[in-house]
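Below is structure-v8.cif, holding mmCIF, C-alpha atoms and all ligand atoms.
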data_data
#
loop_
_atom_site.label_atom_id
_atom_site.label_comp_id
_atom_site.auth_asym_id
_atom_site.auth_seq_id
_atom_site.Cartn_x
_atom_site.Cartn_y
_atom_site.Cartn_z
CA MET A 1 7.05 24.30 -21.75
CA SER A 2 9.29 21.97 -19.82
CA ASN A 3 7.80 20.34 -16.75
CA LYS A 4 11.17 20.03 -15.01
CA ILE A 5 11.12 21.45 -11.49
CA ASN A 6 13.92 23.88 -10.65
CA ALA A 7 14.98 25.64 -7.47
CA ILE A 8 14.17 29.33 -7.03
CA ARG A 9 16.72 31.80 -8.45
CA GLY A 10 19.27 32.78 -5.82
CA MET A 11 18.42 29.77 -3.62
CA ASN A 12 21.01 27.02 -3.97
CA ASP A 13 21.30 23.34 -3.23
CA CYS A 14 24.33 22.27 -1.25
CA LEU A 15 25.26 18.97 -2.91
CA PRO A 16 27.11 16.03 -1.31
CA LYS A 17 30.35 16.92 -3.11
CA ASP A 18 30.42 20.31 -1.34
CA SER A 19 28.65 19.64 1.93
CA HIS A 20 31.68 18.09 3.68
CA LEU A 21 33.34 21.51 3.49
CA TRP A 22 30.26 23.14 5.03
CA LEU A 23 30.14 20.55 7.82
CA SER A 24 33.82 20.99 8.65
CA LEU A 25 33.57 24.78 8.61
CA GLU A 26 30.43 24.82 10.76
CA LYS A 27 32.06 22.48 13.26
CA ILE A 28 35.19 24.64 13.54
CA ILE A 29 33.06 27.77 14.08
CA PHE A 30 30.67 26.16 16.59
CA ASP A 31 33.60 24.71 18.58
CA THR A 32 35.24 28.14 18.69
CA PHE A 33 32.08 29.80 20.04
CA ILE A 34 31.65 27.07 22.64
CA ALA A 35 35.29 27.48 23.69
CA TYR A 36 34.63 31.19 24.29
CA GLY A 37 31.68 30.40 26.56
CA PHE A 38 28.82 30.97 24.09
CA LYS A 39 25.64 28.84 24.06
CA ASN A 40 23.55 28.00 21.02
CA ILE A 41 20.14 29.60 20.42
CA ARG A 42 17.67 28.62 17.68
CA THR A 43 14.76 30.86 16.72
CA PRO A 44 12.09 30.42 14.01
CA VAL A 45 12.80 31.20 10.36
CA VAL A 46 9.51 33.14 10.20
CA GLU A 47 8.62 36.05 12.51
CA LYS A 48 5.98 38.77 12.48
CA THR A 49 7.09 41.39 9.97
CA ASP A 50 6.90 44.03 12.68
CA THR A 51 9.74 42.27 14.56
CA PHE A 52 12.10 43.07 11.68
CA CYS A 53 10.69 46.54 10.92
CA ARG A 54 11.14 47.65 14.52
CA ALA A 55 14.62 46.18 14.88
CA ILE A 56 16.23 46.81 11.52
CA GLY A 57 14.47 50.12 10.75
CA GLN A 58 11.85 51.15 8.18
CA THR A 59 14.23 53.06 5.94
CA THR A 60 16.89 50.39 5.52
CA ASP A 61 17.45 48.48 2.26
CA ILE A 62 16.44 45.25 3.96
CA VAL A 63 13.02 46.43 5.12
CA GLU A 64 12.34 48.68 2.12
CA LYS A 65 13.03 46.17 -0.61
CA GLU A 66 14.65 42.89 0.42
CA MET A 67 12.17 41.08 2.70
CA TYR A 68 10.00 38.12 1.73
CA THR A 69 6.68 39.12 3.27
CA TRP A 70 3.16 37.73 3.02
CA THR A 71 -0.16 37.83 4.83
CA ASP A 72 -0.95 34.60 6.70
CA SER A 73 -4.44 33.10 6.41
CA ASN A 74 -5.41 34.70 9.75
CA GLY A 75 -4.34 38.15 8.53
CA ASP A 76 -0.93 38.33 10.28
CA LEU A 77 1.84 39.98 8.30
CA LEU A 78 4.79 37.56 8.36
CA SER A 79 8.33 37.58 6.93
CA LEU A 80 11.16 35.15 6.34
CA ARG A 81 14.06 36.33 8.49
CA PRO A 82 16.52 38.54 6.56
CA GLU A 83 18.89 38.42 9.57
CA ASN A 84 18.72 36.92 13.04
CA THR A 85 19.49 39.63 15.59
CA ALA A 86 15.83 40.74 15.59
CA GLY A 87 14.62 37.18 16.30
CA VAL A 88 17.22 36.62 19.02
CA VAL A 89 16.31 39.90 20.74
CA ARG A 90 12.61 38.99 20.51
CA ALA A 91 13.39 35.61 22.14
CA MET A 92 15.56 37.22 24.85
CA ILE A 93 12.71 39.52 25.82
CA GLU A 94 9.96 36.89 25.52
CA HIS A 95 11.85 34.49 27.82
CA ASN A 96 13.21 37.16 30.17
CA LEU A 97 16.75 35.85 29.70
CA PRO A 98 18.75 39.06 30.34
CA ARG A 99 17.27 39.08 33.86
CA GLU A 100 19.34 35.95 34.58
CA GLY A 101 22.62 37.78 33.86
CA ILE A 102 24.88 38.25 30.88
CA GLN A 103 23.79 36.18 27.88
CA LYS A 104 26.34 35.02 25.30
CA VAL A 105 24.64 33.19 22.44
CA PHE A 106 25.40 32.05 18.91
CA TYR A 107 23.02 31.05 16.12
CA GLN A 108 23.24 29.53 12.67
CA GLY A 109 20.86 29.16 9.76
CA ALA A 110 19.32 30.32 6.53
CA MET A 111 18.46 34.01 5.98
CA PHE A 112 16.41 35.37 3.09
CA ARG A 113 16.78 38.62 1.16
CA HIS A 114 15.31 39.50 -2.22
CA GLU A 115 18.53 40.81 -3.77
CA ARG A 116 20.03 40.48 -7.25
CA PRO A 117 21.82 37.10 -7.16
CA GLN A 118 25.53 37.16 -8.05
CA LYS A 119 28.75 35.60 -6.76
CA GLY A 120 28.65 35.90 -2.96
CA ARG A 121 25.11 37.32 -2.94
CA TYR A 122 22.09 35.03 -2.84
CA ARG A 123 18.41 35.13 -1.90
CA GLN A 124 18.78 32.30 0.57
CA PHE A 125 22.14 32.46 2.34
CA HIS A 126 23.52 31.24 5.63
CA GLN A 127 24.87 33.12 8.58
CA ILE A 128 26.48 32.13 11.83
CA GLY A 129 26.34 34.93 14.34
CA ALA A 130 26.93 35.79 17.97
CA GLU A 131 25.21 38.19 20.36
CA VAL A 132 26.12 39.31 23.87
CA PHE A 133 23.44 40.89 26.09
CA GLY A 134 24.01 42.79 29.30
CA ALA A 135 27.67 43.79 28.80
CA HIS A 136 28.21 47.49 28.20
CA ASN A 137 32.01 47.52 28.36
CA ALA A 138 34.23 47.66 25.26
CA LYS A 139 35.87 44.45 26.51
CA SER A 140 32.93 42.44 25.12
CA ASP A 141 33.25 44.22 21.74
CA ALA A 142 36.94 43.24 21.75
CA GLU A 143 36.16 39.64 22.75
CA LEU A 144 33.92 39.27 19.70
CA ILE A 145 36.76 40.48 17.52
CA ALA A 146 39.12 38.04 19.25
CA ILE A 147 36.78 35.15 18.40
CA THR A 148 36.63 36.02 14.72
CA HIS A 149 40.37 36.74 14.61
CA SER A 150 41.19 33.34 16.09
CA LEU A 151 38.76 31.72 13.66
CA TRP A 152 40.52 33.26 10.65
CA GLN A 153 43.84 32.10 12.07
CA ASN A 154 42.59 28.54 12.61
CA LEU A 155 41.25 28.45 9.07
CA GLY A 156 44.48 29.94 7.69
CA LEU A 157 42.71 32.85 5.94
CA LYS A 158 44.83 35.53 4.30
CA ASN A 159 44.12 38.99 2.85
CA ILE A 160 41.56 39.90 5.43
CA THR A 161 41.24 43.28 7.14
CA LEU A 162 39.40 44.45 10.23
CA GLU A 163 37.69 47.81 9.68
CA ILE A 164 36.26 49.60 12.68
CA ASN A 165 34.33 52.78 13.37
CA THR A 166 32.16 54.31 16.05
CA LEU A 167 28.69 55.70 15.56
CA GLY A 168 28.56 57.41 18.97
CA SER A 169 25.44 57.78 21.08
CA ASN A 170 21.95 58.24 19.63
CA GLU A 171 22.13 61.98 20.48
CA ALA A 172 25.57 62.44 18.90
CA ARG A 173 24.32 60.68 15.80
CA ALA A 174 21.21 62.87 15.63
CA ASN A 175 23.41 66.01 15.79
CA TYR A 176 25.73 64.62 13.18
CA ARG A 177 22.76 63.74 11.00
CA SER A 178 21.75 67.38 10.68
CA VAL A 179 25.35 68.43 9.89
CA LEU A 180 25.43 65.77 7.20
CA VAL A 181 22.06 66.80 5.74
CA ASP A 182 23.36 70.40 5.46
CA TYR A 183 26.52 69.23 3.71
CA PHE A 184 24.82 66.93 1.19
CA THR A 185 22.04 69.47 0.55
CA GLN A 186 24.73 71.96 -0.47
CA HIS A 187 25.99 69.37 -2.97
CA LYS A 188 22.62 68.02 -3.98
CA ASP A 189 23.33 68.27 -7.71
CA GLN A 190 26.11 65.65 -7.33
CA LEU A 191 23.95 63.01 -5.60
CA ASP A 192 22.56 59.98 -7.44
CA GLU A 193 18.92 58.89 -7.22
CA ASP A 194 19.48 56.54 -4.31
CA SER A 195 21.37 59.10 -2.24
CA THR A 196 18.83 61.85 -2.98
CA ARG A 197 16.20 59.57 -1.47
CA ARG A 198 18.50 58.71 1.45
CA LEU A 199 19.01 62.40 2.16
CA LYS A 200 15.41 62.50 3.37
CA THR A 201 15.06 59.04 4.87
CA ASN A 202 18.48 57.93 6.15
CA PRO A 203 21.31 60.38 5.36
CA LEU A 204 24.03 58.38 7.15
CA ARG A 205 23.52 55.62 4.62
CA ILE A 206 24.83 57.92 1.86
CA LEU A 207 28.28 57.36 3.40
CA ASP A 208 27.80 53.64 2.71
CA SER A 209 27.08 54.20 -1.02
CA LYS A 210 28.82 51.80 -3.39
CA ASN A 211 28.68 54.39 -6.24
CA GLU A 212 32.31 55.28 -7.04
CA ASP A 213 31.22 58.65 -8.55
CA LEU A 214 30.23 59.80 -5.07
CA HIS A 215 33.51 58.78 -3.50
CA THR A 216 35.18 62.21 -3.45
CA LEU A 217 32.06 63.93 -2.16
CA ILE A 218 31.73 61.33 0.62
CA GLU A 219 35.42 61.48 1.52
CA ALA A 220 35.12 65.24 2.03
CA ALA A 221 31.96 64.96 4.16
CA PRO A 222 32.09 66.00 7.84
CA LYS A 223 33.18 63.11 10.06
CA LEU A 224 31.11 61.64 12.87
CA MET A 225 34.31 61.33 14.88
CA ALA A 226 34.33 65.14 15.26
CA HIS A 227 30.82 65.03 16.76
CA LEU A 228 31.37 62.14 19.11
CA ASP A 229 30.08 62.32 22.70
CA GLU A 230 32.67 61.88 25.46
CA GLU A 231 31.47 58.47 26.69
CA SER A 232 31.48 57.00 23.18
CA ALA A 233 34.95 58.42 22.54
CA LYS A 234 36.17 56.71 25.73
CA HIS A 235 34.47 53.46 24.68
CA PHE A 236 36.16 53.61 21.27
CA ASP A 237 39.58 54.31 22.81
CA ALA A 238 39.19 51.37 25.17
CA PHE A 239 38.09 49.14 22.29
CA LYS A 240 41.17 50.08 20.25
CA ALA A 241 43.46 49.56 23.25
CA TYR A 242 42.03 46.06 23.82
CA LEU A 243 42.62 45.19 20.16
CA GLU A 244 46.18 46.47 20.39
CA CYS A 245 46.96 44.44 23.51
CA MET A 246 45.87 41.31 21.61
CA ASP A 247 47.99 42.34 18.59
CA ILE A 248 44.94 42.44 16.33
CA PRO A 249 45.56 44.92 13.50
CA TYR A 250 42.69 47.21 12.44
CA VAL A 251 42.00 50.20 10.24
CA ILE A 252 39.56 52.98 11.10
CA ASN A 253 37.03 53.49 8.32
CA THR A 254 34.94 56.60 9.03
CA ARG A 255 32.59 55.70 6.15
CA LEU A 256 31.58 52.48 7.86
CA VAL A 257 28.00 53.07 9.07
CA ARG A 258 26.45 49.60 8.46
CA GLY A 259 23.14 49.03 6.77
CA LEU A 260 20.97 48.47 9.81
CA ASP A 261 19.54 51.21 11.99
CA TYR A 262 20.06 49.61 15.37
CA TYR A 263 23.79 50.16 15.83
CA ASN A 264 25.47 52.67 18.15
CA ARG A 265 29.10 53.08 19.22
CA THR A 266 31.27 50.23 17.88
CA VAL A 267 30.70 48.95 14.35
CA PHE A 268 33.08 46.67 12.47
CA GLU A 269 33.52 44.62 9.32
CA TRP A 270 36.03 42.01 8.23
CA THR A 271 36.67 42.54 4.54
CA THR A 272 38.75 40.81 1.90
CA THR A 273 40.22 41.87 -1.43
CA ASP A 274 39.75 38.35 -2.83
CA LEU A 275 35.99 38.27 -3.48
CA GLY A 276 35.33 41.26 -5.73
CA ALA A 277 32.36 43.44 -4.83
CA GLN A 278 31.05 41.05 -2.14
CA ALA A 279 33.98 42.00 0.08
CA THR A 280 32.48 41.77 3.58
CA ILE A 281 32.55 38.33 5.14
CA CYS A 282 31.63 39.30 8.69
CA ALA A 283 29.99 42.39 10.15
CA GLY A 284 28.56 43.60 13.41
CA GLY A 285 28.45 46.17 16.14
CA ARG A 286 26.91 47.41 19.33
CA TYR A 287 23.16 47.97 19.73
CA ASP A 288 22.52 49.27 23.24
CA SER A 289 18.98 50.59 22.67
CA LEU A 290 17.60 47.71 20.60
CA VAL A 291 16.25 45.57 23.45
CA GLU A 292 14.34 48.53 24.85
CA LYS A 293 13.12 49.53 21.40
CA MET A 294 11.73 46.00 20.97
CA GLY A 295 9.79 46.25 24.24
CA GLY A 296 12.27 44.83 26.76
CA LYS A 297 13.92 46.35 29.81
CA PRO A 298 17.00 48.42 28.85
CA CYS A 299 19.87 46.03 28.17
CA SER A 300 22.99 46.61 26.11
CA GLY A 301 23.90 44.34 23.23
CA VAL A 302 26.72 43.66 20.82
CA GLY A 303 27.05 41.07 18.08
CA PHE A 304 28.04 40.10 14.59
CA ALA A 305 27.08 37.79 11.73
CA LEU A 306 29.32 36.07 9.25
CA GLY A 307 28.23 34.95 5.79
CA LEU A 308 29.04 31.28 5.26
CA GLU A 309 28.79 31.32 1.44
CA ARG A 310 31.38 34.10 1.25
CA LEU A 311 33.61 32.32 3.74
CA ILE A 312 33.42 29.10 1.69
CA LEU A 313 34.22 31.06 -1.50
CA LEU A 314 37.23 32.58 0.23
CA ILE A 315 38.44 29.21 1.53
CA GLN A 316 38.19 27.81 -2.01
CA GLU A 317 39.78 30.90 -3.56
CA GLN A 318 42.74 30.61 -1.18
CA ASN A 319 42.97 26.81 -1.60
CA LEU A 320 42.77 26.14 2.12
CA SER A 321 42.30 22.63 3.40
CA ILE A 322 40.02 22.44 6.42
CA THR A 323 38.37 19.03 6.17
CA GLY A 324 41.08 16.97 7.93
CA ASP A 325 42.05 13.33 7.28
CA THR A 326 39.52 10.52 7.35
CA LEU A 327 39.84 6.74 7.03
CA SER A 328 37.29 4.77 5.04
CA ALA A 329 36.59 1.13 4.32
CA TYR A 330 34.18 -0.80 2.09
CA ILE A 331 32.78 -4.18 3.16
CA VAL A 332 32.75 -6.58 0.22
CA ALA A 333 30.45 -9.54 0.98
CA LEU A 334 29.33 -12.45 -1.18
CA GLY A 335 26.51 -14.89 -0.34
CA ASP A 336 23.54 -14.85 2.04
CA GLU A 337 25.52 -15.83 5.09
CA ALA A 338 28.13 -13.16 4.35
CA GLN A 339 25.42 -10.45 4.22
CA ILE A 340 24.34 -11.32 7.77
CA LYS A 341 27.94 -11.41 8.95
CA SER A 342 28.69 -8.07 7.25
CA LEU A 343 25.96 -6.32 9.23
CA GLN A 344 27.28 -7.79 12.49
CA ILE A 345 30.85 -6.83 11.65
CA ALA A 346 29.80 -3.32 10.61
CA GLU A 347 28.25 -2.79 14.06
CA GLN A 348 31.46 -4.00 15.75
CA LEU A 349 33.57 -1.68 13.59
CA HIS A 350 31.38 1.37 14.19
CA GLU A 351 31.49 0.77 17.93
CA ALA A 352 35.26 0.32 18.05
CA LEU A 353 36.15 2.98 15.43
CA PRO A 354 33.58 5.81 15.55
CA ALA A 355 35.61 7.95 13.13
CA LEU A 356 35.87 5.26 10.44
CA ILE A 357 33.71 5.90 7.36
CA LEU A 358 32.28 2.51 6.52
CA TYR A 359 30.42 1.58 3.34
CA ASN A 360 28.68 -1.79 3.73
CA ASP A 361 27.90 -3.05 0.23
CA ILE A 362 24.20 -2.96 -0.69
CA THR A 363 24.54 -3.58 -4.42
CA MET A 364 24.71 -7.39 -3.99
CA GLY A 365 26.92 -7.51 -7.07
CA SER A 366 29.81 -9.82 -7.93
CA PHE A 367 33.14 -9.56 -6.10
CA LYS A 368 34.55 -7.68 -9.08
CA SER A 369 31.74 -5.14 -9.24
CA GLN A 370 31.82 -4.60 -5.45
CA PHE A 371 35.56 -3.84 -5.66
CA LYS A 372 34.81 -1.29 -8.38
CA LYS A 373 32.27 0.35 -6.08
CA ALA A 374 34.86 0.43 -3.31
CA ASP A 375 37.30 2.24 -5.61
CA LYS A 376 34.58 4.66 -6.71
CA ALA A 377 33.83 5.45 -3.06
CA ASN A 378 37.56 6.20 -2.70
CA ALA A 379 37.74 3.75 0.22
CA ASP A 380 41.16 3.18 1.81
CA PHE A 381 40.49 -0.51 2.55
CA ALA A 382 38.25 -3.34 1.43
CA ILE A 383 37.06 -5.66 4.20
CA ILE A 384 36.29 -8.92 2.45
CA LEU A 385 33.81 -11.59 3.51
CA GLY A 386 33.85 -14.55 1.15
CA GLU A 387 33.27 -18.26 1.70
CA LYS A 388 36.84 -18.89 2.84
CA GLU A 389 36.79 -16.04 5.37
CA LEU A 390 33.43 -17.19 6.77
CA ASN A 391 34.65 -20.75 7.19
CA ASN A 392 37.73 -19.55 9.07
CA ASN A 393 35.77 -17.00 11.12
CA GLN A 394 37.96 -14.26 9.68
CA VAL A 395 37.84 -11.23 7.40
CA ALA A 396 40.38 -10.29 4.75
CA ILE A 397 41.69 -6.76 4.65
CA LYS A 398 42.99 -5.33 1.41
CA PRO A 399 44.49 -1.83 1.20
CA LEU A 400 43.05 -0.19 -1.91
CA LYS A 401 45.63 2.55 -2.18
CA GLY A 402 49.21 1.37 -2.61
CA GLN A 403 50.64 -2.02 -3.39
CA SER A 404 50.28 -4.14 -0.22
CA GLY A 405 48.38 -7.39 -0.55
CA GLN A 406 45.40 -8.90 1.17
CA GLN A 407 45.65 -10.35 4.71
CA ALA A 408 43.18 -12.61 6.49
CA MET A 409 42.64 -12.06 10.22
CA ARG A 410 40.09 -12.26 13.02
CA ILE A 411 37.77 -9.26 13.33
CA GLU A 412 39.42 -8.22 16.64
CA ASP A 413 42.77 -8.06 14.86
CA ALA A 414 41.22 -6.21 11.93
CA ILE A 415 39.95 -3.56 14.37
CA ASN A 416 43.45 -3.13 15.84
CA TYR A 417 44.94 -3.02 12.36
CA LEU A 418 42.55 -0.20 11.29
CA LYS A 419 43.08 1.63 14.61
CA GLY A 420 46.75 1.78 13.72
CA GLU A 421 45.86 3.48 10.43
CA ILE A 422 43.78 6.30 11.95
P1 LIG A 501 26.34 43.77 1.90
O1 LIG A 501 26.83 45.16 2.13
O2 LIG A 501 27.34 42.88 1.23
O3 LIG A 501 24.98 43.74 1.26
P2 LIG A 501 25.12 43.61 4.49
O4 LIG A 501 25.64 44.80 5.20
O5 LIG A 501 23.77 43.67 3.88
O6 LIG A 501 26.18 43.14 3.35
P3 LIG A 501 24.80 42.11 6.93
O7 LIG A 501 23.36 42.36 7.04
O8 LIG A 501 25.72 42.83 7.81
O9 LIG A 501 25.26 42.32 5.40
O10 LIG A 501 25.09 40.55 7.03
C1 LIG A 501 26.30 40.01 7.56
C2 LIG A 501 27.02 39.16 6.54
O11 LIG A 501 26.13 38.26 5.90
C3 LIG A 501 27.61 39.94 5.38
O12 LIG A 501 28.84 40.49 5.73
C4 LIG A 501 27.77 38.86 4.33
O13 LIG A 501 28.91 38.08 4.57
C5 LIG A 501 26.54 38.03 4.56
N1 LIG A 501 25.47 38.40 3.61
C6 LIG A 501 24.61 39.43 3.68
N2 LIG A 501 23.75 39.43 2.65
C7 LIG A 501 24.06 38.33 1.90
C8 LIG A 501 23.54 37.74 0.72
N3 LIG A 501 22.49 38.25 0.09
N4 LIG A 501 24.13 36.62 0.23
C9 LIG A 501 25.19 36.06 0.85
N5 LIG A 501 25.73 36.56 1.99
C10 LIG A 501 25.18 37.68 2.51
MG MG A 502 23.04 44.00 1.93
#

What is this structure when it is put down as structure tokens?
Ligand code: ATP
Ligand code: MG
Amino acid sequence: MSNKINAIRGMNDCLPKDSHLWLSLEKIIFDTFIAYGFKNIRTPVVEKTDTFCRAIGQTTDIVEKEMYTWTDSNGDLLSLRPENTAGVVRAMIEHNLPREGIQKVFYQGAMFRHERPQKGRYRQFHQIGAEVFGAHNAKSDAELIAITHSLWQNLGLKNITLEINTLGSNEARANYRSVLVDYFTQHKDQLDEDSTRRLKTNPLRILDSKNEDLHTLIEAAPKLMAHLDEESAKHFDAFKAYLECMDIPYVINTRLVRGLDYYNRTVFEWTTTDLGAQATICAGGRYDSLVEKMGGKPCSGVGFALGLERLILLIQEQNLSITGDTLSAYIVALGDEAQIKSLQIAEQLHEALPALILYNDITMGSFKSQFKKADKANADFAIILGEKELNNNQVAIKPLKGQSGQQAMRIEDAINYLKGEI
């Protein structure tokens, strides 16, 4: 038996060679949310299991088979968060925030689901999501779509489609549920094991089945749209009109029911044809009864979550460049006095050029070996501190890419020189 320690299956390290892409993407997304007037909220990774059961629903895939749950030493049943809407709603209620007016928040972080790991599907994955509390109008649904739409445009994403649907009111859905149960019961012999179980527990979820054999049966099923209540129909019409006035294309997908129980009215997904079976990169909808269901005063809600791993895969698949240009330099210093000077100069450079990536040599090697390290770090410039430079109270700057030679100058001039390169 090997005594090497490995990470848990489906839980990945993000290594330095990849993390710059994550940092750039997160920054772009956070800045977009902030520009749309959203504020950041951070809730714990662990909550009482009941928080998720009540929010997400007992008969959903997540609660039935995907949660990491254990009993704490004091007997509490706890779970790692499989999603973050439940935790955000819990925090909203606990801190009475909706009482202060409309709340627009965004969150980011790791989520955990015990699923079969594959490309685009992991056991620890990362979401960034947004929630709006206290706005019942379809305008806030449309604003959430506008945010994601502008994000995709800023990133340069292609082959991405907005799918929308409406689930109506709770009553309309309950009526539709019985129509659907009648229909699928008549065709019971065609259902697979999963759908036969769903027929009893959560019949709407049959529409969401990924089994291609059921496709024709599902296509022919009665549509919720025909059972919609008047208010929800109006809400959906307004939502579509808002999207149209912003020139955001969409398709209506009547099979789109989403995997969580808390949604009503608007539901949507952004899907792509470029990632195989893991096609949804962002999903959300309206959840007007969730806050009340979780013990708060009635307060409407709407939100979405996007999966960062899938977004990164898509960015890589489409060869998009999002990291921007950076300038870097490596300080090459030889001798005890030069080490002291290099630390002082590094501070001056960081202060004057906050965007400069600066590697101050810590190998204490020869000039030759330090230059090799500078090349390996892919630095644009070497800033050299040798005996001659120290004696003249100067540094030498040598571009490492291209042919130009080395130039000695005072540190103030070196700062101006590098400023010109940024
Ligand atoms: P799927 O149908 O692919 O299982 P879902 O409906 O379970 O997705 P949501 O709960 O709506 O997903 O989560 C929102 C987004 O989070 C998804 O669209 C996806 O991008 C991402 N996501 C969900 N589960 C995973 C996972 N196990 N690994 C990576 N990303 C995930
Ligand atoms: Mg899922």

Using all atoms listed in the file, the residue out of A:Ala146, A:Gly307, A:Lys293, A:His95 with shortest distance to ligand MG 502 (chain A) is A:Gly307

**Asked** Residues around (27.7, 34.8, 18.3), cut-off 9 Å, counting all atoms listed in the file - what are they as a ChimeraX atom specification?
**Response** /A:33,38-40,104-108,128-132,144,303-305

Measuring between all atoms listed in the file, which one of A:Ile29, A:Ile8, A:Ala241, A:Ala279 shows the shortest distance to ligand LIG 501 (chain A)?
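Under the stated criterion, the closest residue is A:Ala279.
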
Checklist entry - When distances are computed from all atoms listed in the file, which of A:Ile411, A:Asn170, A:Gln118, A:Ser232 shows the smallest separation from Leu275 in chain A? => result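 Among A:Ile411, A:Asn170, A:Gln118, A:Ser232, it is A:Gln118 that comes nearest to Leu275 in chain A.
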
Query raised in the report: Taking all atoms listed in the file into account, which residues are within 7 Å of ligand LIG 501 (chain A), as a ChimeraX atom specification?
Result: /A:83,113,115,120-127,258-259,278-284,305-310

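Comparing A:Lys210, A:Lys368, A:His235, A:His227 by their smallest distance to ligand MG 502 (chain A), the closest is A:Lys210 (using all atoms listed in the file).
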